[in-house]
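Step one of this worksheet: look at the structure below.
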Amino acid sequence: MAGSTQTVSEYITHHLTNLTFGKLPGGFARADGTVVGSDGAWVFADGGTEAAAMGFYAIHVDSMLWSIGLGIVFCWIFRSVAKKAESGVPSGLVNGVEMVVEFVDNTVRDTFHGHNKLIAPLALTVFVWVLLMNLMDLVPIDLVPKFLEVVFGVHFQKIVPSTDPNITLGMAVGVFILMLYYSIKVKGFGFVKELSMTPFNHWAFIPVNLFMEIVGLLAKPFSLGLRLFGNLYAGEMIFILIAALFSAGALWMVPAGLLQVAWGIFHLLVIPLQAFIFMVLTIVYLSMAHEDH
Amino acid sequence: MNINLTLIGQMVAFVCFVMFCMKYVWPPLLAAMAEREKKIADGLAAADRASHDLELAQEKAVERLKDAKHEAASIVDAANKRGAQLVEEAKQAAVVEADRVKAAAHAEIEQESNRAKEQLRGQVAALALAGAEKVLGAEIDRSAHAELVDKLAAEL
């Protein structure tokens, strides 16, 4: 909740700032008055302006740790189930995990018609990982950041990795690289032909075709990553606004609480849906990369 | 909201997790699930087969039962026949035995009476001789009249 010394806009900005570790450029005047030496310095950013000044050579420690942590949770749960999986009667966690695996397997079978051992595990990883990252959105917005601030003195914390475009685009670019790899591997020169000779099959249109196809190709990873980011970012934003509403006075407590519940329930739909969409599009894009015309 | 090294970091993490999943998660899970599927299919097939077998066995059992009843009936029949036959045979044997005993008894009686007759004849001869001696008052030479006396005795 917004403290007395914090305005609402400060509260919101605070919640949208990642814990960033990066290299400040030489000569940068920090918020506490010190000036960075000419070689630059690797430090934790103290707010959005410093993070912006770091440019590319910075890392969102919170996004990274939560993302990897959730990935490890996924691996741990699924590996422990895989180890004790046998053909007997499944129970409890095994049942749940097998349900997810079967669901992913069916989706892959329906969409992807080539033979590739990578696609199904990739889809499973994408689905469960993104789902776990999205689920962090349901953790009360102030709980973890406040806890970390009070106990460890960490000032910034975003616990939903999928509201960080770096995370979603990182996965999308990973998928994009796989798309390019399989396009070239499966189609060979046909891939170049596909880019240059469609949709207008005439040599004079090659530049037009190339432009259109390359834009279309590049749009895929961007739409993939930004769709997930946009949905979750918007969701988190609403949660932050509702949380800010609590500070608007005792009168607002009840409507804010109701809004919180309503948005939480609505978000319960968005969370798996976005994970599912990300998985399905990953499969579809890779399936297109495998289709030789 | 800046694009930075996090993107690269996430890509690396992504690759690692996908590879882990591909190597250690997916194959054993799918193998276990496929095996269970097969087991269930086998089980269902076995159940089908078993119910079919049961039907066959029931049919066979009914047939056997019928055969057994038939056989039992025929055995009882045969036994009855044999019993009647045995009784008949025993009766016949008894009749034969009785006849035989009767015949033997008759023969013995005949023999006894013959023997008694013989004895009596002998005694009658002696009596006749003695009577004749008394009547004649003289001794009759037995040897001289032996032929006559024997003749007399035989006529008795």
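Ordering of the structure tokens sets the chain letters (A, B, ...), residue numbers begin anew at 1 in every chain, and ligands are numbered from 1 in the order given.
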Please check the contacts: residues of chain B at most 9 Å away from chain A, using only C-alpha atoms, listed as an mmCIF file with all heavy atoms, in the first residue's frame.
data_model
loop_
_atom_site.group_PDB
_atom_site.id
_atom_site.type_symbol
_atom_site.label_atom_id
_atom_site.label_comp_id
_atom_site.auth_asym_id
_atom_site.auth_seq_id
_atom_site.Cartn_x
_atom_site.Cartn_y
_atom_site.Cartn_z
ATOM 1 N N MET B 1 11.434 -1.199 -18.247
ATOM 2 C CA MET B 1 10.890 -1.443 -19.586
ATOM 3 C C MET B 1 11.987 -1.356 -20.643
ATOM 4 O O MET B 1 11.704 -1.182 -21.814
ATOM 5 C CB MET B 1 9.818 -0.382 -19.878
ATOM 6 C CG MET B 1 8.527 -0.718 -19.184
ATOM 7 S SD MET B 1 7.466 -1.524 -20.334
ATOM 8 C CE MET B 1 6.331 -0.191 -20.697
ATOM 9 N N ASN B 2 13.241 -1.430 -20.165
ATOM 10 C CA ASN B 2 14.326 -1.355 -21.137
ATOM 11 C C ASN B 2 14.673 -2.751 -21.627
ATOM 12 O O ASN B 2 14.602 -3.715 -20.888
ATOM 13 C CB ASN B 2 15.567 -0.754 -20.483
ATOM 14 C CG ASN B 2 15.180 0.398 -19.603
ATOM 15 O OD1 ASN B 2 14.645 1.385 -20.075
ATOM 16 N ND2 ASN B 2 15.419 0.250 -18.299
ATOM 17 N N ILE B 3 15.038 -2.815 -22.886
ATOM 18 C CA ILE B 3 15.545 -4.084 -23.403
ATOM 19 C C ILE B 3 17.020 -4.150 -23.028
ATOM 20 O O ILE B 3 17.788 -3.247 -23.335
ATOM 21 C CB ILE B 3 15.384 -4.143 -24.932
ATOM 22 C CG1 ILE B 3 13.900 -4.111 -25.305
ATOM 23 C CG2 ILE B 3 16.060 -5.373 -25.496
ATOM 24 C CD1 ILE B 3 13.109 -5.284 -24.819
ATOM 25 N N ASN B 4 17.406 -5.195 -22.349
ATOM 26 C CA ASN B 4 18.804 -5.300 -21.927
ATOM 27 C C ASN B 4 19.240 -6.761 -21.841
ATOM 28 O O ASN B 4 18.594 -7.640 -22.414
ATOM 29 C CB ASN B 4 19.006 -4.558 -20.597
ATOM 30 C CG ASN B 4 18.036 -5.045 -19.530
ATOM 31 O OD1 ASN B 4 17.637 -6.198 -19.554
ATOM 32 N ND2 ASN B 4 17.659 -4.152 -18.626
ATOM 33 N N LEU B 5 20.300 -6.992 -21.102
ATOM 34 C CA LEU B 5 20.890 -8.335 -21.029
ATOM 35 C C LEU B 5 19.912 -9.388 -20.522
ATOM 36 O O LEU B 5 20.120 -10.578 -20.735
ATOM 37 C CB LEU B 5 22.104 -8.298 -20.095
ATOM 38 C CG LEU B 5 23.396 -7.745 -20.690
ATOM 39 C CD1 LEU B 5 24.466 -7.689 -19.616
ATOM 40 C CD2 LEU B 5 23.872 -8.632 -21.835
ATOM 41 N N THR B 6 18.864 -8.940 -19.841
ATOM 42 C CA THR B 6 17.858 -9.892 -19.350
ATOM 43 C C THR B 6 17.341 -10.763 -20.478
ATOM 44 O O THR B 6 17.084 -11.954 -20.300
ATOM 45 C CB THR B 6 16.686 -9.111 -18.735
ATOM 46 O OG1 THR B 6 17.211 -8.096 -17.901
ATOM 47 C CG2 THR B 6 15.795 -10.018 -17.927
ATOM 48 N N LEU B 7 17.199 -10.132 -21.666
ATOM 49 C CA LEU B 7 16.711 -10.868 -22.831
ATOM 50 C C LEU B 7 17.612 -12.048 -23.158
ATOM 51 O O LEU B 7 17.144 -13.167 -23.361
ATOM 52 C CB LEU B 7 16.639 -9.891 -24.012
ATOM 53 C CG LEU B 7 15.970 -10.411 -25.274
ATOM 54 C CD1 LEU B 7 14.840 -9.490 -25.657
ATOM 55 C CD2 LEU B 7 16.968 -10.499 -26.395
ATOM 56 N N ILE B 8 18.920 -11.778 -23.164
ATOM 57 C CA ILE B 8 19.878 -12.858 -23.444
ATOM 58 C C ILE B 8 19.808 -13.909 -22.336
ATOM 59 O O ILE B 8 19.784 -15.115 -22.601
ATOM 60 C CB ILE B 8 21.313 -12.298 -23.536
ATOM 61 C CG1 ILE B 8 21.361 -11.068 -24.459
ATOM 62 C CG2 ILE B 8 22.286 -13.374 -23.978
ATOM 63 C CD1 ILE B 8 21.196 -11.370 -25.911
ATOM 64 N N GLY B 9 19.751 -13.415 -21.104
ATOM 65 C CA GLY B 9 19.689 -14.337 -19.966
ATOM 66 C C GLY B 9 18.482 -15.243 -20.061
ATOM 67 O O GLY B 9 18.583 -16.464 -19.855
ATOM 68 N N GLN B 10 17.357 -14.654 -20.411
ATOM 69 C CA GLN B 10 16.137 -15.456 -20.520
ATOM 70 C C GLN B 10 16.259 -16.478 -21.639
ATOM 71 O O GLN B 10 15.806 -17.615 -21.505
ATOM 72 C CB GLN B 10 14.937 -14.539 -20.768
ATOM 73 C CG GLN B 10 13.629 -15.253 -20.985
ATOM 74 C CD GLN B 10 13.091 -15.884 -19.713
ATOM 75 O OE1 GLN B 10 13.678 -15.710 -18.643
ATOM 76 N NE2 GLN B 10 12.013 -16.618 -19.823
ATOM 77 N N MET B 11 16.905 -16.078 -22.752
ATOM 78 C CA MET B 11 17.088 -17.025 -23.853
ATOM 79 C C MET B 11 17.920 -18.213 -23.422
ATOM 80 O O MET B 11 17.594 -19.370 -23.719
ATOM 81 C CB MET B 11 17.776 -16.318 -25.029
ATOM 82 C CG MET B 11 16.801 -15.618 -25.947
ATOM 83 S SD MET B 11 17.674 -14.649 -27.175
ATOM 84 C CE MET B 11 18.536 -15.922 -28.057
ATOM 85 N N VAL B 12 18.999 -17.927 -22.696
ATOM 86 C CA VAL B 12 19.867 -19.013 -22.228
ATOM 87 C C VAL B 12 19.089 -19.926 -21.287
ATOM 88 O O VAL B 12 19.125 -21.163 -21.409
ATOM 89 C CB VAL B 12 21.112 -18.434 -21.526
ATOM 90 C CG1 VAL B 12 21.928 -19.556 -20.900
ATOM 91 C CG2 VAL B 12 21.951 -17.640 -22.509
ATOM 92 N N ALA B 13 18.351 -19.315 -20.347
ATOM 93 C CA ALA B 13 17.567 -20.111 -19.400
ATOM 94 C C ALA B 13 16.541 -20.961 -20.152
ATOM 95 O O ALA B 13 16.339 -22.139 -19.848
ATOM 96 C CB ALA B 13 16.858 -19.191 -18.417
ATOM 97 N N PHE B 14 15.934 -20.339 -21.154
ATOM 98 C CA PHE B 14 14.924 -21.019 -21.971
ATOM 99 C C PHE B 14 15.519 -22.279 -22.600
ATOM 100 O O PHE B 14 14.969 -23.375 -22.484
ATOM 101 C CB PHE B 14 14.447 -20.032 -23.036
ATOM 102 C CG PHE B 14 13.326 -20.511 -23.909
ATOM 103 C CD1 PHE B 14 12.228 -21.159 -23.361
ATOM 104 C CD2 PHE B 14 13.359 -20.302 -25.279
ATOM 105 C CE1 PHE B 14 11.184 -21.578 -24.166
ATOM 106 C CE2 PHE B 14 12.319 -20.723 -26.088
ATOM 107 C CZ PHE B 14 11.240 -21.369 -25.531
ATOM 108 N N VAL B 15 16.673 -22.110 -23.230
ATOM 109 C CA VAL B 15 17.327 -23.244 -23.884
ATOM 110 C C VAL B 15 17.623 -24.333 -22.859
ATOM 111 O O VAL B 15 17.359 -25.520 -23.093
ATOM 112 C CB VAL B 15 18.628 -22.771 -24.581
ATOM 113 C CG1 VAL B 15 19.448 -23.966 -25.037
ATOM 114 C CG2 VAL B 15 18.294 -21.872 -25.759
ATOM 115 N N PHE B 17 16.185 -24.988 -19.946
ATOM 116 C CA PHE B 17 14.992 -25.678 -19.443
ATOM 117 C C PHE B 17 14.393 -26.584 -20.502
ATOM 118 O O PHE B 17 13.954 -27.693 -20.207
ATOM 119 C CB PHE B 17 13.956 -24.666 -18.959
ATOM 120 C CG PHE B 17 14.350 -23.993 -17.672
ATOM 121 C CD1 PHE B 17 14.195 -22.632 -17.501
ATOM 122 C CD2 PHE B 17 14.904 -24.734 -16.640
ATOM 123 C CE1 PHE B 17 14.555 -22.023 -16.317
ATOM 124 C CE2 PHE B 17 15.279 -24.133 -15.457
ATOM 125 C CZ PHE B 17 15.112 -22.778 -15.295
ATOM 126 N N VAL B 18 14.385 -26.088 -21.752
ATOM 127 C CA VAL B 18 13.827 -26.931 -22.814
ATOM 128 C C VAL B 18 14.662 -28.197 -22.962
ATOM 129 O O VAL B 18 14.131 -29.298 -23.097
ATOM 130 C CB VAL B 18 13.767 -26.155 -24.151
ATOM 131 C CG1 VAL B 18 13.449 -27.106 -25.291
ATOM 132 C CG2 VAL B 18 12.723 -25.065 -24.082
ATOM 133 N N MET B 19 15.993 -28.045 -22.892
ATOM 134 C CA MET B 19 16.838 -29.218 -23.042
ATOM 135 C C MET B 19 16.648 -30.190 -21.880
ATOM 136 O O MET B 19 16.589 -31.406 -22.084
ATOM 137 C CB MET B 19 18.305 -28.802 -23.163
ATOM 138 C CG MET B 19 18.664 -28.523 -24.610
ATOM 139 S SD MET B 19 20.203 -27.660 -24.817
ATOM 140 C CE MET B 19 21.345 -28.847 -24.198
ATOM 141 N N PHE B 20 16.519 -29.628 -20.674
ATOM 142 C CA PHE B 20 16.277 -30.493 -19.516
ATOM 143 C C PHE B 20 14.975 -31.261 -19.696
ATOM 144 O O PHE B 20 14.912 -32.478 -19.509
ATOM 145 C CB PHE B 20 16.211 -29.637 -18.250
ATOM 146 C CG PHE B 20 15.991 -30.443 -17.007
ATOM 147 C CD1 PHE B 20 17.065 -30.992 -16.327
ATOM 148 C CD2 PHE B 20 14.712 -30.667 -16.522
ATOM 149 C CE1 PHE B 20 16.869 -31.738 -15.184
ATOM 150 C CE2 PHE B 20 14.510 -31.421 -15.377
ATOM 151 C CZ PHE B 20 15.593 -31.956 -14.710
ATOM 152 N N CYS B 21 13.961 -30.516 -20.122
ATOM 153 C CA CYS B 21 12.641 -31.129 -20.299
ATOM 154 C C CYS B 21 12.689 -32.224 -21.360
ATOM 155 O O CYS B 21 12.128 -33.299 -21.209
ATOM 156 C CB CYS B 21 11.642 -30.053 -20.701
ATOM 157 S SG CYS B 21 9.983 -30.664 -20.943
ATOM 158 N N MET B 22 13.440 -31.926 -22.429
ATOM 159 C CA MET B 22 13.515 -32.853 -23.549
ATOM 160 C C MET B 22 14.259 -34.127 -23.160
ATOM 161 O O MET B 22 13.971 -35.203 -23.655
ATOM 162 C CB MET B 22 14.255 -32.155 -24.679
ATOM 163 C CG MET B 22 14.164 -32.832 -25.994
ATOM 164 S SD MET B 22 15.030 -31.782 -27.150
ATOM 165 C CE MET B 22 15.424 -32.965 -28.392
ATOM 166 N N LYS B 23 15.208 -33.979 -22.251
ATOM 167 C CA LYS B 23 16.056 -35.119 -21.922
ATOM 168 C C LYS B 23 15.509 -35.912 -20.735
ATOM 169 O O LYS B 23 15.509 -37.143 -20.751
ATOM 170 C CB LYS B 23 17.456 -34.603 -21.583
ATOM 171 C CG LYS B 23 18.514 -35.580 -22.049
ATOM 172 C CD LYS B 23 19.864 -34.944 -22.151
ATOM 173 C CE LYS B 23 20.812 -35.938 -22.759
ATOM 174 N NZ LYS B 23 21.951 -35.276 -23.340
ATOM 175 N N TYR B 24 15.070 -35.208 -19.708
ATOM 176 C CA TYR B 24 14.774 -35.900 -18.450
ATOM 177 C C TYR B 24 13.305 -35.938 -18.073
ATOM 178 O O TYR B 24 12.934 -36.641 -17.138
ATOM 179 C CB TYR B 24 15.556 -35.253 -17.307
ATOM 180 C CG TYR B 24 17.035 -35.320 -17.498
ATOM 181 C CD1 TYR B 24 17.778 -34.186 -17.772
ATOM 182 C CD2 TYR B 24 17.695 -36.553 -17.424
ATOM 183 C CE1 TYR B 24 19.143 -34.251 -17.963
ATOM 184 C CE2 TYR B 24 19.053 -36.632 -17.615
ATOM 185 C CZ TYR B 24 19.774 -35.478 -17.884
ATOM 186 O OH TYR B 24 21.116 -35.570 -18.073
ATOM 187 N N VAL B 25 12.481 -35.141 -18.738
ATOM 188 C CA VAL B 25 11.078 -35.081 -18.314
ATOM 189 C C VAL B 25 10.168 -35.782 -19.314
ATOM 190 O O VAL B 25 9.412 -36.667 -18.965
ATOM 191 C CB VAL B 25 10.632 -33.620 -18.121
ATOM 192 C CG1 VAL B 25 9.143 -33.555 -17.837
ATOM 193 C CG2 VAL B 25 11.416 -32.983 -16.990
ATOM 194 N N TRP B 26 10.284 -35.361 -20.569
ATOM 195 C CA TRP B 26 9.326 -35.836 -21.569
ATOM 196 C C TRP B 26 9.411 -37.342 -21.834
ATOM 197 O O TRP B 26 8.385 -38.033 -21.745
ATOM 198 C CB TRP B 26 9.499 -35.031 -22.856
ATOM 199 C CG TRP B 26 8.398 -35.244 -23.834
ATOM 200 C CD1 TRP B 26 8.402 -36.090 -24.900
ATOM 201 C CD2 TRP B 26 7.115 -34.617 -23.816
ATOM 202 N NE1 TRP B 26 7.210 -36.020 -25.553
ATOM 203 C CE2 TRP B 26 6.401 -35.140 -24.919
ATOM 204 C CE3 TRP B 26 6.499 -33.690 -22.981
ATOM 205 C CZ2 TRP B 26 5.109 -34.738 -25.200
ATOM 206 C CZ3 TRP B 26 5.209 -33.299 -23.282
ATOM 207 C CH2 TRP B 26 4.529 -33.820 -24.375
ATOM 208 N N PRO B 27 10.618 -37.860 -22.161
ATOM 209 C CA PRO B 27 10.657 -39.285 -22.530
ATOM 210 C C PRO B 27 10.138 -40.231 -21.445
ATOM 211 O O PRO B 27 9.286 -41.067 -21.746
ATOM 212 C CB PRO B 27 12.134 -39.526 -22.836
ATOM 213 C CG PRO B 27 12.681 -38.181 -23.153
ATOM 214 C CD PRO B 27 11.929 -37.222 -22.281
ATOM 215 N N PRO B 28 10.601 -40.114 -20.176
ATOM 216 C CA PRO B 28 10.076 -41.073 -19.196
ATOM 217 C C PRO B 28 8.578 -40.947 -18.969
ATOM 218 O O PRO B 28 7.889 -41.963 -18.846
ATOM 219 C CB PRO B 28 10.852 -40.748 -17.905
ATOM 220 C CG PRO B 28 11.498 -39.451 -18.126
ATOM 221 C CD PRO B 28 11.658 -39.267 -19.589
ATOM 222 N N LEU B 29 8.090 -39.704 -18.974
ATOM 223 C CA LEU B 29 6.647 -39.534 -18.752
ATOM 224 C C LEU B 29 5.842 -40.165 -19.882
ATOM 225 O O LEU B 29 4.903 -40.916 -19.653
ATOM 226 C CB LEU B 29 6.315 -38.044 -18.661
ATOM 227 C CG LEU B 29 6.447 -37.432 -17.272
ATOM 228 C CD1 LEU B 29 6.199 -35.931 -17.333
ATOM 229 C CD2 LEU B 29 5.477 -38.070 -16.303
ATOM 230 N N LEU B 30 6.264 -39.867 -21.105
ATOM 231 C CA LEU B 30 5.523 -40.410 -22.247
ATOM 232 C C LEU B 30 5.619 -41.921 -22.282
ATOM 233 O O LEU B 30 4.643 -42.612 -22.584
ATOM 234 C CB LEU B 30 6.066 -39.814 -23.544
ATOM 235 C CG LEU B 30 5.337 -38.607 -24.124
ATOM 236 C CD1 LEU B 30 4.872 -38.897 -25.542
ATOM 237 C CD2 LEU B 30 4.167 -38.170 -23.281
ATOM 238 N N ALA B 31 6.833 -42.435 -21.961
ATOM 239 C CA ALA B 31 7.011 -43.887 -21.970
ATOM 240 C C ALA B 31 6.071 -44.528 -20.959
ATOM 241 O O ALA B 31 5.383 -45.511 -21.272
ATOM 242 C CB ALA B 31 8.462 -44.236 -21.649
ATOM 243 N N ALA B 32 6.026 -43.939 -19.759
ATOM 244 C CA ALA B 32 5.158 -44.505 -18.724
ATOM 245 C C ALA B 32 3.700 -44.464 -19.167
ATOM 246 O O ALA B 32 2.951 -45.435 -18.988
ATOM 247 C CB ALA B 32 5.339 -43.737 -17.417
ATOM 248 N N MET B 33 3.327 -43.331 -19.792
ATOM 249 C CA MET B 33 1.930 -43.197 -20.194
ATOM 250 C C MET B 33 1.586 -44.180 -21.318
ATOM 251 O O MET B 33 0.521 -44.797 -21.301
ATOM 252 C CB MET B 33 1.657 -41.757 -20.627
ATOM 253 C CG MET B 33 1.520 -40.833 -19.438
ATOM 254 S SD MET B 33 1.734 -39.112 -19.863
ATOM 255 C CE MET B 33 0.219 -38.802 -20.728
ATOM 256 N N ALA B 34 2.525 -44.317 -22.260
ATOM 257 C CA ALA B 34 2.272 -45.250 -23.362
ATOM 258 C C ALA B 34 2.165 -46.675 -22.828
ATOM 259 O O ALA B 34 1.297 -47.453 -23.237
ATOM 260 C CB ALA B 34 3.384 -45.150 -24.398
ATOM 261 N N GLU B 35 3.051 -46.975 -21.858
ATOM 262 C CA GLU B 35 3.034 -48.327 -21.299
ATOM 263 C C GLU B 35 1.701 -48.599 -20.595
ATOM 264 O O GLU B 35 1.117 -49.670 -20.739
ATOM 265 C CB GLU B 35 4.194 -48.455 -20.310
ATOM 266 C CG GLU B 35 4.610 -49.888 -20.063
ATOM 267 C CD GLU B 35 5.692 -49.960 -19.012
ATOM 268 O OE1 GLU B 35 6.624 -49.143 -19.088
ATOM 269 O OE2 GLU B 35 5.575 -50.810 -18.115
ATOM 270 N N ARG B 36 1.251 -47.565 -19.854
ATOM 271 C CA ARG B 36 -0.025 -47.746 -19.140
ATOM 272 C C ARG B 36 -1.162 -47.926 -20.139
ATOM 273 O O ARG B 36 -2.030 -48.769 -19.962
ATOM 274 C CB ARG B 36 -0.301 -46.550 -18.247
ATOM 275 C CG ARG B 36 -1.602 -46.749 -17.493
ATOM 276 C CD ARG B 36 -1.884 -45.657 -16.492
ATOM 277 N NE ARG B 36 -0.712 -45.227 -15.795
ATOM 278 C CZ ARG B 36 -0.302 -43.964 -15.782
ATOM 279 N NH1 ARG B 36 -0.988 -43.047 -16.412
ATOM 280 N NH2 ARG B 36 0.771 -43.636 -15.134
ATOM 281 N N GLU B 37 -1.100 -47.133 -21.216
ATOM 282 C CA GLU B 37 -2.145 -47.250 -22.226
ATOM 283 C C GLU B 37 -2.211 -48.682 -22.760
ATOM 284 O O GLU B 37 -3.274 -49.272 -22.887
ATOM 285 C CB GLU B 37 -1.825 -46.284 -23.362
ATOM 286 C CG GLU B 37 -3.026 -45.609 -23.964
ATOM 287 C CD GLU B 37 -2.600 -44.422 -24.795
ATOM 288 O OE1 GLU B 37 -2.390 -43.326 -24.231
ATOM 289 O OE2 GLU B 37 -2.448 -44.608 -26.003
ATOM 290 N N LYS B 38 -1.005 -49.206 -23.024
ATOM 291 C CA LYS B 38 -0.928 -50.553 -23.579
ATOM 292 C C LYS B 38 -1.466 -51.563 -22.563
ATOM 293 O O LYS B 38 -2.183 -52.492 -22.908
ATOM 294 C CB LYS B 38 0.532 -50.874 -23.917
ATOM 295 C CG LYS B 38 0.675 -52.047 -24.838
ATOM 296 C CD LYS B 38 2.127 -52.282 -25.197
ATOM 297 C CE LYS B 38 2.347 -53.718 -25.643
ATOM 298 N NZ LYS B 38 2.225 -54.682 -24.546
ATOM 299 N N LYS B 39 -1.084 -51.330 -21.301
ATOM 300 C CA LYS B 39 -1.504 -52.247 -20.247
ATOM 301 C C LYS B 39 -3.028 -52.266 -20.141
ATOM 302 O O LYS B 39 -3.635 -53.321 -20.009
ATOM 303 C CB LYS B 39 -0.912 -51.762 -18.920
ATOM 304 C CG LYS B 39 -0.413 -52.878 -18.027
ATOM 305 C CD LYS B 39 0.439 -52.257 -16.953
ATOM 306 C CE LYS B 39 0.542 -53.071 -15.717
ATOM 307 N NZ LYS B 39 1.329 -52.389 -14.699
#
Next item on the list: Run DSSP on the backbone of this structure and report the residues of region 52-167 of chain A it assigns to alpha helix (DSSP H), as a ChimeraX atom specification.
Entry: /A:52-54,61-84,92-111,119-135,143-152,165-167
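Pairwise distance (CA of Leu195 (chain A), CA of Gly230 (chain A)) equals 29.1 Å.
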Check: If you count only C-alpha atoms, which residues fall within 8 Å of region 259-262 of chain A, apart from same-chain ones fewer than 4 positions away, as a PyMOL selection string?
Finding: chain A and resi 239+242-243+255+266
Emit the selected residues as a PDB file, in the first residue's frame, including all heavy atoms.
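Contents of the output file result.pdb:
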ATOM      1  N   PHE A 239      -4.069  -4.386 -11.265  1.00  0.00           N
ATOM      2  CA  PHE A 239      -3.889  -4.787  -9.870  1.00  0.00           C
ATOM      3  C   PHE A 239      -3.237  -3.653  -9.069  1.00  0.00           C
ATOM      4  O   PHE A 239      -3.614  -3.374  -7.931  1.00  0.00           O
ATOM      5  CB  PHE A 239      -3.030  -6.047  -9.767  1.00  0.00           C
ATOM      6  CG  PHE A 239      -3.821  -7.322  -9.902  1.00  0.00           C
ATOM      7  CD1 PHE A 239      -3.481  -8.268 -10.860  1.00  0.00           C
ATOM      8  CD2 PHE A 239      -4.903  -7.569  -9.075  1.00  0.00           C
ATOM      9  CE1 PHE A 239      -4.210  -9.437 -10.991  1.00  0.00           C
ATOM     10  CE2 PHE A 239      -5.632  -8.742  -9.192  1.00  0.00           C
ATOM     11  CZ  PHE A 239      -5.287  -9.670 -10.157  1.00  0.00           C
ATOM     12  N   ILE A 242      -5.777  -0.907  -8.520  1.00  0.00           N
ATOM     13  CA  ILE A 242      -6.743  -1.288  -7.478  1.00  0.00           C
ATOM     14  C   ILE A 242      -6.089  -1.168  -6.108  1.00  0.00           C
ATOM     15  O   ILE A 242      -6.692  -0.674  -5.150  1.00  0.00           O
ATOM     16  CB  ILE A 242      -7.260  -2.710  -7.736  1.00  0.00           C
ATOM     17  CG1 ILE A 242      -8.108  -2.744  -9.013  1.00  0.00           C
ATOM     18  CG2 ILE A 242      -8.091  -3.192  -6.561  1.00  0.00           C
ATOM     19  CD1 ILE A 242      -8.482  -4.123  -9.467  1.00  0.00           C
ATOM     20  N   ALA A 243      -4.827  -1.612  -6.032  1.00  0.00           N
ATOM     21  CA  ALA A 243      -4.118  -1.511  -4.758  1.00  0.00           C
ATOM     22  C   ALA A 243      -3.973  -0.054  -4.344  1.00  0.00           C
ATOM     23  O   ALA A 243      -4.081   0.286  -3.163  1.00  0.00           O
ATOM     24  CB  ALA A 243      -2.749  -2.177  -4.884  1.00  0.00           C
ATOM     25  N   PRO A 255     -15.298  -1.101  -2.318  1.00  0.00           N
ATOM     26  CA  PRO A 255     -15.253  -1.231  -3.783  1.00  0.00           C
ATOM     27  C   PRO A 255     -13.912  -1.730  -4.285  1.00  0.00           C
ATOM     28  O   PRO A 255     -13.865  -2.552  -5.213  1.00  0.00           O
ATOM     29  CB  PRO A 255     -15.536   0.192  -4.287  1.00  0.00           C
ATOM     30  CG  PRO A 255     -15.694   1.057  -3.123  1.00  0.00           C
ATOM     31  CD  PRO A 255     -15.711   0.242  -1.893  1.00  0.00           C
ATOM     32  N   PHE A 266     -11.203 -12.719 -13.099  1.00  0.00           N
ATOM     33  CA  PHE A 266     -11.046 -12.549 -14.540  1.00  0.00           C
ATOM     34  C   PHE A 266      -9.628 -12.957 -14.967  1.00  0.00           C
ATOM     35  O   PHE A 266      -9.426 -13.628 -15.977  1.00  0.00           O
ATOM     36  CB  PHE A 266     -11.307 -11.084 -14.914  1.00  0.00           C
ATOM     37  CG  PHE A 266     -11.063 -10.798 -16.359  1.00  0.00           C
ATOM     38  CD1 PHE A 266     -11.866 -11.375 -17.335  1.00  0.00           C
ATOM     39  CD2 PHE A 266     -10.027  -9.964 -16.754  1.00  0.00           C
ATOM     40  CE1 PHE A 266     -11.637 -11.110 -18.674  1.00  0.00           C
ATOM     41  CE2 PHE A 266      -9.794  -9.706 -18.092  1.00  0.00           C
ATOM     42  CZ  PHE A 266     -10.609 -10.278 -19.052  1.00  0.00           C
TER      43      PHE A 266
END
